[in-house]
Every structure is written in structure tokens, then in C-alpha cells.
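Coordinates as given in input20.pdb (PDB, C-alpha atoms and all ligand atoms):
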ATOM      1  CA  MET A 109      99.093  80.955 102.496  1.00  0.00           C
ATOM      2  CA  ALA A 110     100.201  82.802  99.364  1.00  0.00           C
ATOM      3  CA  PRO A 111     103.583  81.634  98.117  1.00  0.00           C
ATOM      4  CA  SER A 112     106.423  84.064  98.655  1.00  0.00           C
ATOM      5  CA  LEU A 113     107.607  86.263  95.819  1.00  0.00           C
ATOM      6  CA  VAL A 114     111.252  86.879  95.056  1.00  0.00           C
ATOM      7  CA  VAL A 115     112.643  89.504  92.658  1.00  0.00           C
ATOM      8  CA  LYS A 116     116.366  89.706  91.963  1.00  0.00           C
ATOM      9  CA  LEU A 117     117.656  93.060  90.710  1.00  0.00           C
ATOM     10  CA  HIS A 118     120.939  94.687  89.800  1.00  0.00           C
ATOM     11  CA  THR A 119     121.894  98.348  90.120  1.00  0.00           C
ATOM     12  CA  THR A 120     125.058  99.980  88.806  1.00  0.00           C
ATOM     13  CA  ALA A 121     124.754 103.315  90.621  1.00  0.00           C
ATOM     14  CA  ALA A 122     123.443 104.598  93.934  1.00  0.00           C
ATOM     15  CA  GLU A 123     120.747 106.584  92.110  1.00  0.00           C
ATOM     16  CA  GLN A 124     119.336 103.343  90.674  1.00  0.00           C
ATOM     17  CA  THR A 125     119.107 101.788  94.122  1.00  0.00           C
ATOM     18  CA  ARG A 126     117.400 104.944  95.299  1.00  0.00           C
ATOM     19  CA  GLU A 127     114.985 104.835  92.372  1.00  0.00           C
ATOM     20  CA  LEU A 128     113.974 101.266  93.220  1.00  0.00           C
ATOM     21  CA  GLY A 129     113.331 102.419  96.769  1.00  0.00           C
ATOM     22  CA  ARG A 130     111.225 105.292  95.434  1.00  0.00           C
ATOM     23  CA  ARG A 131     109.100 102.943  93.329  1.00  0.00           C
ATOM     24  CA  LEU A 132     108.502 100.693  96.295  1.00  0.00           C
ATOM     25  CA  GLY A 133     107.811 103.654  98.573  1.00  0.00           C
ATOM     26  CA  ARG A 134     105.046 104.898  96.271  1.00  0.00           C
ATOM     27  CA  ARG A 135     103.183 101.625  96.853  1.00  0.00           C
ATOM     28  CA  LEU A 136     103.455 101.457 100.638  1.00  0.00           C
ATOM     29  CA  ALA A 137     100.827 102.237 103.249  1.00  0.00           C
ATOM     30  CA  ALA A 138     100.745 102.469 107.037  1.00  0.00           C
ATOM     31  CA  GLY A 139     101.390  99.079 108.569  1.00  0.00           C
ATOM     32  CA  ASP A 140     103.955  98.008 105.977  1.00  0.00           C
ATOM     33  CA  TRP A 141     107.416  96.882 107.014  1.00  0.00           C
ATOM     34  CA  VAL A 142     110.498  96.919 104.793  1.00  0.00           C
ATOM     35  CA  VAL A 143     113.471  95.190 106.368  1.00  0.00           C
ATOM     36  CA  LEU A 144     116.976  95.550 104.964  1.00  0.00           C
ATOM     37  CA  TYR A 145     119.900  93.148 105.119  1.00  0.00           C
ATOM     38  CA  GLY A 146     123.433  93.624 103.860  1.00  0.00           C
ATOM     39  CA  PRO A 147     126.896  94.676 104.995  1.00  0.00           C
ATOM     40  CA  LEU A 148     128.141  98.184 105.625  1.00  0.00           C
ATOM     41  CA  GLY A 149     128.057 100.233 102.430  1.00  0.00           C
ATOM     42  CA  ALA A 150     125.732  97.844 100.602  1.00  0.00           C
ATOM     43  CA  GLY A 151     123.177 100.618 100.071  1.00  0.00           C
ATOM     44  CA  LYS A 152     120.606 100.147 102.841  1.00  0.00           C
ATOM     45  CA  THR A 153     120.367 103.843 103.696  1.00  0.00           C
ATOM     46  CA  THR A 154     120.409 104.764  99.999  1.00  0.00           C
ATOM     47  CA  PHE A 155     117.427 102.462  99.393  1.00  0.00           C
ATOM     48  CA  ALA A 156     115.706 103.803 102.516  1.00  0.00           C
ATOM     49  CA  ALA A 157     116.110 107.390 101.263  1.00  0.00           C
ATOM     50  CA  GLY A 158     114.329 106.388  98.058  1.00  0.00           C
ATOM     51  CA  VAL A 159     111.497 104.718  99.977  1.00  0.00           C
ATOM     52  CA  ALA A 160     111.027 107.927 101.985  1.00  0.00           C
ATOM     53  CA  GLU A 161     110.857 109.989  98.780  1.00  0.00           C
ATOM     54  CA  GLY A 162     108.350 107.546  97.319  1.00  0.00           C
ATOM     55  CA  LEU A 163     106.211 107.962 100.422  1.00  0.00           C
ATOM     56  CA  GLY A 164     106.213 111.713  99.806  1.00  0.00           C
ATOM     57  CA  ILE A 165     108.574 112.652 102.639  1.00  0.00           C
ATOM     58  CA  ARG A 166     110.445 115.888 101.921  1.00  0.00           C
ATOM     59  CA  GLU A 167     113.041 115.761 104.672  1.00  0.00           C
ATOM     60  CA  PRO A 168     116.402 114.242 103.672  1.00  0.00           C
ATOM     61  CA  VAL A 169     116.981 110.789 105.165  1.00  0.00           C
ATOM     62  CA  THR A 170     120.192 110.139 107.075  1.00  0.00           C
ATOM     63  CA  SER A 171     121.597 107.027 108.726  1.00  0.00           C
ATOM     64  CA  PRO A 172     119.889 106.298 112.058  1.00  0.00           C
ATOM     65  CA  THR A 173     122.821 104.222 113.350  1.00  0.00           C
ATOM     66  CA  TYR A 174     123.533 106.246 116.491  1.00  0.00           C
ATOM     67  CA  LEU A 175     119.998 107.341 117.351  1.00  0.00           C
ATOM     68  CA  LEU A 176     118.576 103.902 116.471  1.00  0.00           C
ATOM     69  CA  CYS A 177     115.323 105.420 115.183  1.00  0.00           C
ATOM     70  CA  HIS A 178     114.487 108.446 113.043  1.00  0.00           C
ATOM     71  CA  GLU A 179     110.905 109.561 112.612  1.00  0.00           C
ATOM     72  CA  TYR A 180     109.880 111.379 109.419  1.00  0.00           C
ATOM     73  CA  ALA A 181     106.549 113.127 109.059  1.00  0.00           C
ATOM     74  CA  GLY A 182     104.787 113.013 105.702  1.00  0.00           C
ATOM     75  CA  PRO A 183     101.598 111.757 104.063  1.00  0.00           C
ATOM     76  CA  VAL A 184     102.397 108.670 106.123  1.00  0.00           C
ATOM     77  CA  THR A 185     104.837 108.695 109.031  1.00  0.00           C
ATOM     78  CA  LEU A 186     108.046 106.762 108.480  1.00  0.00           C
ATOM     79  CA  LEU A 187     110.056 105.165 111.282  1.00  0.00           C
ATOM     80  CA  HIS A 188     113.568 104.365 110.069  1.00  0.00           C
ATOM     81  CA  LEU A 189     115.468 102.046 112.407  1.00  0.00           C
ATOM     82  CA  ASP A 190     119.028 100.795 112.538  1.00  0.00           C
ATOM     83  CA  ALA A 191     119.470  97.745 114.775  1.00  0.00           C
ATOM     84  CA  TYR A 192     123.246  97.523 114.355  1.00  0.00           C
ATOM     85  CA  PHE A 193     123.730  98.084 118.096  1.00  0.00           C
ATOM     86  CA  GLU A 194     121.348  95.293 118.923  1.00  0.00           C
ATOM     87  CA  LEU A 195     121.550  95.423 122.714  1.00  0.00           C
ATOM     88  CA  ARG A 196     120.718  99.127 122.769  1.00  0.00           C
ATOM     89  CA  MET A 197     117.961  98.529 120.228  1.00  0.00           C
ATOM     90  CA  ASP A 198     116.532  95.720 122.325  1.00  0.00           C
ATOM     91  CA  SER A 199     116.128  97.931 125.377  1.00  0.00           C
ATOM     92  CA  VAL A 200     114.729 100.834 123.342  1.00  0.00           C
ATOM     93  CA  LEU A 201     112.192  98.456 121.798  1.00  0.00           C
ATOM     94  CA  ALA A 202     111.205  97.102 125.209  1.00  0.00           C
ATOM     95  CA  GLU A 203     110.878 100.667 126.567  1.00  0.00           C
ATOM     96  CA  GLY A 204     108.175 101.707 124.113  1.00  0.00           C
ATOM     97  CA  LEU A 205     109.538 101.799 120.591  1.00  0.00           C
ATOM     98  CA  ALA A 206     107.896  98.438 119.823  1.00  0.00           C
ATOM     99  CA  GLU A 207     104.502 100.001 120.550  1.00  0.00           C
ATOM    100  CA  ARG A 208     105.186 102.929 118.220  1.00  0.00           C
ATOM    101  CA  LEU A 209     105.969 100.410 115.475  1.00  0.00           C
ATOM    102  CA  GLN A 210     102.383  99.106 115.784  1.00  0.00           C
ATOM    103  CA  GLY A 211     100.952 102.561 115.021  1.00  0.00           C
ATOM    104  CA  PRO A 212      99.857 104.012 111.646  1.00  0.00           C
ATOM    105  CA  VAL A 213     103.413 104.114 110.326  1.00  0.00           C
ATOM    106  CA  VAL A 214     105.640 102.571 107.699  1.00  0.00           C
ATOM    107  CA  VAL A 215     108.652 100.848 109.274  1.00  0.00           C
ATOM    108  CA  LEU A 216     112.056 100.527 107.606  1.00  0.00           C
ATOM    109  CA  VAL A 217     114.760  98.539 109.410  1.00  0.00           C
ATOM    110  CA  GLU A 218     118.480  98.384 108.659  1.00  0.00           C
ATOM    111  CA  TRP A 219     120.370  95.368 110.096  1.00  0.00           C
ATOM    112  CA  ALA A 220     117.013  93.637 110.490  1.00  0.00           C
ATOM    113  CA  GLU A 221     118.716  90.323 111.386  1.00  0.00           C
ATOM    114  CA  LYS A 222     119.604  91.934 114.720  1.00  0.00           C
ATOM    115  CA  MET A 223     115.959  92.388 115.740  1.00  0.00           C
ATOM    116  CA  ARG A 224     114.465  89.291 114.175  1.00  0.00           C
ATOM    117  CA  ALA A 225     112.164  88.578 117.144  1.00  0.00           C
ATOM    118  CA  TRP A 226     110.446  91.953 116.641  1.00  0.00           C
ATOM    119  CA  LEU A 227     109.663  91.599 112.926  1.00  0.00           C
ATOM    120  CA  PRO A 228     106.089  90.888 111.786  1.00  0.00           C
ATOM    121  CA  PRO A 229     105.559  87.707 109.766  1.00  0.00           C
ATOM    122  CA  ASP A 230     104.379  89.613 106.670  1.00  0.00           C
ATOM    123  CA  ARG A 231     107.141  91.968 105.545  1.00  0.00           C
ATOM    124  CA  ILE A 232     109.179  92.979 102.508  1.00  0.00           C
ATOM    125  CA  GLU A 233     112.746  91.765 102.845  1.00  0.00           C
ATOM    126  CA  VAL A 234     115.473  93.471 100.832  1.00  0.00           C
ATOM    127  CA  SER A 235     118.926  91.911 100.790  1.00  0.00           C
ATOM    128  CA  LEU A 236     121.716  94.025  99.309  1.00  0.00           C
ATOM    129  CA  ALA A 237     125.127  92.708  98.320  1.00  0.00           C
ATOM    130  CA  HIS A 238     128.253  94.141  96.724  1.00  0.00           C
ATOM    131  CA  ARG A 239     129.008  92.890  93.230  1.00  0.00           C
ATOM    132  CA  ALA A 240     131.965  93.587  90.948  1.00  0.00           C
ATOM    133  CA  GLU A 241     129.769  96.167  89.233  1.00  0.00           C
ATOM    134  CA  GLY A 242     127.242  97.716  91.534  1.00  0.00           C
ATOM    135  CA  ARG A 243     124.880  95.926  93.869  1.00  0.00           C
ATOM    136  CA  GLU A 244     122.549  92.984  93.775  1.00  0.00           C
ATOM    137  CA  LEU A 245     119.195  93.463  95.478  1.00  0.00           C
ATOM    138  CA  VAL A 246     116.885  90.589  96.297  1.00  0.00           C
ATOM    139  CA  LEU A 247     113.361  91.660  97.203  1.00  0.00           C
ATOM    140  CA  GLN A 248     111.216  89.077  98.905  1.00  0.00           C
ATOM    141  CA  ALA A 249     107.640  89.132 100.157  1.00  0.00           C
ATOM    142  CA  THR A 250     106.946  86.914 103.156  1.00  0.00           C
ATOM    143  CA  GLY A 251     103.147  87.152 103.133  1.00  0.00           C
ATOM    144  CA  PRO A 252     100.135  88.256 101.096  1.00  0.00           C
ATOM    145  CA  ARG A 253     100.280  91.918 102.083  1.00  0.00           C
ATOM    146  CA  SER A 254     103.912  92.427 101.129  1.00  0.00           C
ATOM    147  CA  ARG A 255     103.438  90.261  98.057  1.00  0.00           C
ATOM    148  CA  ALA A 256     100.778  92.669  96.763  1.00  0.00           C
ATOM    149  CA  ARG A 257     103.267  95.555  97.131  1.00  0.00           C
ATOM    150  CA  LEU A 258     105.985  93.793  95.158  1.00  0.00           C
ATOM    151  CA  GLU A 259     103.670  92.510  92.445  1.00  0.00           C
ATOM    152  CA  GLY A 260     102.791  95.976  91.228  1.00  0.00           C
ATOM    153  CA  LEU A 261     106.304  97.395  91.268  1.00  0.00           C
ATOM    154  CA  GLU A 262     106.626  99.493  88.128  1.00  0.00           C
ATOM    155  CA  GLY A 263     109.434  99.175  85.634  1.00  0.00           C
ATOM    156  CA  VAL A 264     111.545  96.699  87.572  1.00  0.00           C
ATOM    157  CA  GLU A 265     112.188  94.797  84.350  1.00  0.00           C
ATOM    158  CA  ALA A 266     114.951  97.291  83.600  1.00  0.00           C
ATOM    159  CA  PHE A 267     116.761  96.257  86.790  1.00  0.00           C
ATOM    160  CA  LEU A 268     116.255  92.486  86.648  1.00  0.00           C
ATOM    161  CA  ALA A 269     119.533  90.742  87.348  1.00  0.00           C
ATOM    162  CA  PRO A 270     120.969  88.822  84.399  1.00  0.00           C
TER     163      PRO A 270
HETATM  164  N1  LIG A 301     124.539 100.498  93.081  1.00  0.00           N
HETATM  165  C1  LIG A 301     124.656 101.131  94.258  1.00  0.00           C
HETATM  166  N2  LIG A 301     123.641 101.084  95.154  1.00  0.00           N
HETATM  167  C2  LIG A 301     123.742 101.709  96.340  1.00  0.00           C
HETATM  168  N3  LIG A 301     124.822 102.397  96.766  1.00  0.00           N
HETATM  169  C3  LIG A 301     125.862 102.473  95.920  1.00  0.00           C
HETATM  170  C4  LIG A 301     125.818 101.856  94.636  1.00  0.00           C
HETATM  171  N4  LIG A 301     127.002 102.096  94.026  1.00  0.00           N
HETATM  172  C5  LIG A 301     127.714 102.833  94.867  1.00  0.00           C
HETATM  173  N5  LIG A 301     127.049 103.100  96.005  1.00  0.00           N
HETATM  174  C6  LIG A 301     127.566 103.856  97.163  1.00  0.00           C
HETATM  175  O1  LIG A 301     127.687 102.955  98.265  1.00  0.00           O
HETATM  176  C7  LIG A 301     127.382 103.630  99.473  1.00  0.00           C
HETATM  177  C8  LIG A 301     126.208 102.962 100.165  1.00  0.00           C
HETATM  178  O2  LIG A 301     126.044 103.576 101.415  1.00  0.00           O
HETATM  179  P1  LIG A 301     124.780 103.369 102.332  1.00  0.00           P
HETATM  180  O3  LIG A 301     123.526 103.464 101.549  1.00  0.00           O
HETATM  181  O4  LIG A 301     124.963 104.300 103.488  1.00  0.00           O
HETATM  182  O5  LIG A 301     124.994 101.847 102.791  1.00  0.00           O
HETATM  183  P2  LIG A 301     124.531 101.097 104.130  1.00  0.00           P
HETATM  184  O6  LIG A 301     123.378 101.858 104.712  1.00  0.00           O
HETATM  185  O7  LIG A 301     124.155  99.725 103.642  1.00  0.00           O
HETATM  186  O8  LIG A 301     125.729 101.062 105.024  1.00  0.00           O
HETATM  187  C9  LIG A 301     127.070 105.073  99.119  1.00  0.00           C
HETATM  188  O9  LIG A 301     128.228 105.847  99.245  1.00  0.00           O
HETATM  189  C10 LIG A 301     126.646 104.969  97.652  1.00  0.00           C
HETATM  190  O10 LIG A 301     126.871 106.165  96.931  1.00  0.00           O
HETATM  191 MG    MG A 302     122.972 102.575 106.657  1.00  0.00          MG
END
Can you present the structure in this file as C-alpha cells?
Amino acid sequence: MAPSLVVKLHTTAAEQTRELGRRLGRRLAAGDWVVLYGPLGAGKTTFAAGVAEGLGIREPVTSPTYLLCHEYAGPVTLLHLDAYFELRMDSVLAEGLAERLQGPVVVLVEWAEKMRAWLPPDRIEVSLAHRAEGRELVLQATGPRSRARLEGLEGVEAFLAP
């Protein structure tokens, strides 16, 4: 098994978090999962909006908290989930959403810790945390497929955490 890869980054404005998402999004393909961890306001939806732009999706991305899942059409379809209401999410997953996640789509999950049992073993994990100035993002690959995505991330040097 390939060792995991961890990249620690720091952003001082929402646009920088979005830009990191964009750079990752440009590298993704159907079948990839990006799962987001971090408290309210940490920047999960901001990062997700960047990923969508990087994928070439034109539609503006909004928080899927109440609908649990937003679908965006584009060069590759994006399913953007928010598992905050984990009991509701669990039943929606059991009623067919889990099957849609297996399709030719990119999956982005906010509050991924609340649907841990449904996550594939090979995924990109992004943990966001508030810092005195801005946010700290830790990107981690948990398998060879996600590792290949993170390895080629362009220009991340500028965001490397001190
Ligand atoms: N460095 C930063 N990265 C991301 N968001 C930031 C940053 N600095 C300030 N913000 C602000 O924090 C908020 C993050 O909101 P959002 O992305 O909806 O978080 P979450 O989805 O984690 O609840 C936005 O209002 C954004 O403008
Ligand atoms: Mg959000």
C-alpha cells in the first residue's frame, strides 16, 4: 500500500481557500471523493465552491445543509453532500443516494465524520480549522488514487503552513 500523503496549508482569506479548492478540482475525475472536516464557518463550503469551479462547473455552489445533497452538472457531475443531520443523511443514503455516489461522479462531503461508514477507503481528506489569522487546512490522501491527485497539486508551496 502506498504511504499516505499529508500537506499542511494556511490561508488568510476565503479566496485563498477557494483557490486551493479550484486547484484540486482541476485534477479530479469521476470516482474521486473529497471529504471535509471542520467546525461551522471553517470554510468547508468555500473550499467546495472552489473544487466545483476547478471541475468546470458554472453554477454557483451553496451549502447543502438542509437538502443534504446538491447535484451540479458539468464536464463531470458533482454531488455535494452535507451530513450534519446524520440521521436524515443515513436514511437518504439507504434509500438510494449511496448508489448514486457509486456512479460517474465526483463526491464532496461536508461533516464527513457523520457518515464515516459510507466513505470509500481511498479518499482525499481535508481538515479545516480556525487560526488566529485565517484557516489551517490539512490535506491527506488515504490511498494511491487520492495520493496521485495531491502529488500534482500546483503552486501549493505558496500556502504551506509555517
Ligand atoms: N481563510 C479563510 N478560508 C475560508 N473561509 C474564510 C477564511 N477567512 C474568512 N472566511 C470566511 O469564513 C466563512 C466560512 O464559511 P463556510 O465556507 O460556509 O464554512 P463551513 O461550510 O465550514 O461552515 C465565510 O464567511 C468566509 O468568507
Ligand atoms: Mg458548509
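Evaluating the PyMOL selection byres (((chain A and resi 217) around 8) and not hetatm) against the shown model yields Trp141, Val142, Val143, Leu144, His188, Leu189, Asp190, Ala191, Val215, Leu216, Glu218, Trp219 and Ala220 of chain A.
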Based on the selection just made, write C-alpha atoms of those residues as a PDB file, in the frame of the given file.
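Listed below is the output, result12.pdb:
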ATOM      1  CA  TRP A 141     107.416  96.882 107.014  1.00  0.00           C
ATOM      2  CA  VAL A 142     110.498  96.919 104.793  1.00  0.00           C
ATOM      3  CA  VAL A 143     113.471  95.190 106.368  1.00  0.00           C
ATOM      4  CA  LEU A 144     116.976  95.550 104.964  1.00  0.00           C
ATOM      5  CA  HIS A 188     113.568 104.365 110.069  1.00  0.00           C
ATOM      6  CA  LEU A 189     115.468 102.046 112.407  1.00  0.00           C
ATOM      7  CA  ASP A 190     119.028 100.795 112.538  1.00  0.00           C
ATOM      8  CA  ALA A 191     119.470  97.745 114.775  1.00  0.00           C
ATOM      9  CA  VAL A 215     108.652 100.848 109.274  1.00  0.00           C
ATOM     10  CA  LEU A 216     112.056 100.527 107.606  1.00  0.00           C
ATOM     11  CA  GLU A 218     118.480  98.384 108.659  1.00  0.00           C
ATOM     12  CA  TRP A 219     120.370  95.368 110.096  1.00  0.00           C
ATOM     13  CA  ALA A 220     117.013  93.637 110.490  1.00  0.00           C
TER      14      ALA A 220
END
Give the residues close to ligand LIG 301 (chain A), within 10 Å, counting all atoms listed in the file; write them as a PyMOL selection string. chain A and resi 118-128+144-157+170-173+190+218-219+235-239+241-245
For stretch 255-257 of chain A, work out the shell of residues within 10 Å, counting all atoms listed in the file and skipping chain neighbours fewer than 3 positions away, then give it as a CSV table (one decimal) with C-alpha atoms, keeping the file's coordinate frame.
chain,number,residue,atom,x,y,z
A,110,ALA,CA,100.2,82.8,99.4
A,111,PRO,CA,103.6,81.6,98.1
A,112,SER,CA,106.4,84.1,98.7
A,113,LEU,CA,107.6,86.3,95.8
A,114,VAL,CA,111.3,86.9,95.1
A,132,LEU,CA,108.5,100.7,96.3
A,133,GLY,CA,107.8,103.7,98.6
A,134,ARG,CA,105.0,104.9,96.3
A,135,ARG,CA,103.2,101.6,96.9
A,136,LEU,CA,103.5,101.5,100.6
A,137,ALA,CA,100.8,102.2,103.2
A,140,ASP,CA,104.0,98.0,106.0
A,230,ASP,CA,104.4,89.6,106.7
A,231,ARG,CA,107.1,92.0,105.5
A,232,ILE,CA,109.2,93.0,102.5
A,248,GLN,CA,111.2,89.1,98.9
A,249,ALA,CA,107.6,89.1,100.2
A,250,THR,CA,106.9,86.9,103.2
A,251,GLY,CA,103.1,87.2,103.1
A,252,PRO,CA,100.1,88.3,101.1
A,260,GLY,CA,102.8,96.0,91.2
A,261,LEU,CA,106.3,97.4,91.3
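The two atoms in question, atom CA of A:Arg253 and atom CA of A:Glu265, are spaced 21.6 Å apart.
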Quick check, in Å to one decimal: how far apart do atom CA of A:Ala206 and atom CA of A:Tyr180 lie? 16.7 Å
Within 10 Å of A:Gly211 using all atoms listed in the file, minus same-chain residues under 5 positions, as a list in words: Ala138, Gly139, Thr185 and Ala206 of chain A
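Separating atom CA of A:Ala225 from atom CA of A:Val200 is a distance of 14.0 Å.
When only C-alpha atoms and all ligand atoms are used to compute distances to ligand MG 302 (chain A), the closest of the residues A:Pro168, A:Gln210, A:Tyr192, A:Gly182 turns out to be A:Tyr192.
Distance annotation: of A:Leu186, A:Leu117, A:Met197, A:Val169, the residue with the minimal separation from ligand MG 302 (chain A) is A:Val169; atom set is all atoms listed in the file.
Nearest to A:Val213 of all the residues A:Leu227, A:Ser254, A:Leu201, A:Leu163 is A:Leu163, based on all atoms listed in the file.
Nearest to ligand MG 302 (chain A) of all the residues A:Leu176, A:Arg196, A:Arg166, A:Ala160 is A:Leu176, based on all atoms listed in the file.
Compared by their closest atoms to A:Leu209, and using only C-alpha atoms, the residues A:Glu221, A:Gly164, A:Leu187, A:Leu195 rank with A:Leu187 nearest.
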Pull out every residue that the PyMOL selection byres (((chain A and resi 115) around 6) and not hetatm) matches in the shown coordinates and put them as JSON, numbers by chain. {"A": [114, 116, 246, 247]}
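For the set A:Arg130, A:Pro229, A:Cys177, A:Pro183, the residue with the smallest atom-to-atom gap to A:Gly158 is A:Arg130, counting only C-alpha atoms.
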Start from the incomplete input, build N, CA and C atoms for stretch 233-256 of chain A, and deliver everything as an mmCIF file, in the frame of the given file.
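Once everything was written out, this is part.cif:
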data_model
loop_
_atom_site.group_PDB
_atom_site.id
_atom_site.type_symbol
_atom_site.label_atom_id
_atom_site.label_comp_id
_atom_site.auth_asym_id
_atom_site.auth_seq_id
_atom_site.Cartn_x
_atom_site.Cartn_y
_atom_site.Cartn_z
ATOM 1 N N GLU A 233 111.341 91.901 102.501
ATOM 2 C CA GLU A 233 112.746 91.765 102.845
ATOM 3 C C GLU A 233 113.579 92.195 101.649
ATOM 4 N N VAL A 234 114.578 93.030 101.898
ATOM 5 C CA VAL A 234 115.473 93.471 100.832
ATOM 6 C C VAL A 234 116.895 93.145 101.251
ATOM 7 N N SER A 235 117.535 92.263 100.499
ATOM 8 C CA SER A 235 118.926 91.911 100.790
ATOM 9 C C SER A 235 119.813 92.565 99.749
ATOM 10 N N LEU A 236 120.808 93.315 100.227
ATOM 11 C CA LEU A 236 121.716 94.025 99.309
ATOM 12 C C LEU A 236 123.114 93.443 99.437
ATOM 13 N N ALA A 237 123.779 93.267 98.307
ATOM 14 C CA ALA A 237 125.127 92.708 98.320
ATOM 15 C C ALA A 237 126.006 93.421 97.307
ATOM 16 N N HIS A 238 127.287 93.554 97.648
ATOM 17 C CA HIS A 238 128.253 94.141 96.724
ATOM 18 C C HIS A 238 128.527 93.160 95.583
ATOM 19 N N ARG A 239 128.596 93.675 94.388
ATOM 20 C CA ARG A 239 129.008 92.890 93.230
ATOM 21 C C ARG A 239 130.130 93.646 92.538
ATOM 22 N N ALA A 240 130.839 92.950 91.642
ATOM 23 C CA ALA A 240 131.965 93.587 90.948
ATOM 24 C C ALA A 240 131.517 94.917 90.347
ATOM 25 N N GLU A 241 130.323 94.906 89.736
ATOM 26 C CA GLU A 241 129.769 96.167 89.233
ATOM 27 C C GLU A 241 128.459 96.434 89.934
ATOM 28 N N GLY A 242 128.483 97.292 90.891
ATOM 29 C CA GLY A 242 127.242 97.716 91.534
ATOM 30 C C GLY A 242 126.782 96.814 92.659
ATOM 31 N N ARG A 243 125.478 96.659 92.744
ATOM 32 C CA ARG A 243 124.880 95.926 93.869
ATOM 33 C C ARG A 243 123.813 94.978 93.344
ATOM 34 N N GLU A 244 123.663 93.868 94.059
ATOM 35 C CA GLU A 244 122.549 92.984 93.775
ATOM 36 C C GLU A 244 121.527 93.160 94.890
ATOM 37 N N LEU A 245 120.276 93.328 94.505
ATOM 38 C CA LEU A 245 119.195 93.463 95.478
ATOM 39 C C LEU A 245 118.222 92.308 95.287
ATOM 40 N N VAL A 246 117.898 91.636 96.362
ATOM 41 C CA VAL A 246 116.885 90.589 96.297
ATOM 42 C C VAL A 246 115.709 91.040 97.165
ATOM 43 N N LEU A 247 114.579 91.230 96.507
ATOM 44 C CA LEU A 247 113.361 91.660 97.203
ATOM 45 C C LEU A 247 112.479 90.440 97.401
ATOM 46 N N GLN A 248 112.020 90.260 98.614
ATOM 47 C CA GLN A 248 111.216 89.077 98.905
ATOM 48 C C GLN A 248 110.014 89.449 99.765
ATOM 49 N N ALA A 249 108.854 88.935 99.360
ATOM 50 C CA ALA A 249 107.640 89.132 100.157
ATOM 51 C C ALA A 249 107.438 87.895 101.013
ATOM 52 N N THR A 250 107.105 88.075 102.271
ATOM 53 C CA THR A 250 106.946 86.914 103.156
ATOM 54 C C THR A 250 105.490 86.670 103.525
ATOM 55 N N GLY A 251 104.568 87.363 102.857
ATOM 56 C CA GLY A 251 103.147 87.152 103.133
ATOM 57 C C GLY A 251 102.318 87.871 102.083
ATOM 58 N N PRO A 252 101.013 87.718 102.144
ATOM 59 C CA PRO A 252 100.135 88.256 101.096
ATOM 60 C C PRO A 252 100.175 89.779 100.977
ATOM 61 N N ARG A 253 100.279 90.462 102.097
ATOM 62 C CA ARG A 253 100.280 91.918 102.083
ATOM 63 C C ARG A 253 101.523 92.461 101.372
ATOM 64 N N SER A 254 102.675 91.939 101.748
ATOM 65 C CA SER A 254 103.912 92.427 101.129
ATOM 66 C C SER A 254 104.008 91.939 99.680
ATOM 67 N N ARG A 255 103.446 90.787 99.427
ATOM 68 C CA ARG A 255 103.438 90.261 98.057
ATOM 69 C C ARG A 255 102.692 91.215 97.119
ATOM 70 N N ALA A 256 101.567 91.741 97.580
ATOM 71 C CA ALA A 256 100.778 92.669 96.763
ATOM 72 C C ALA A 256 101.586 93.930 96.442
#
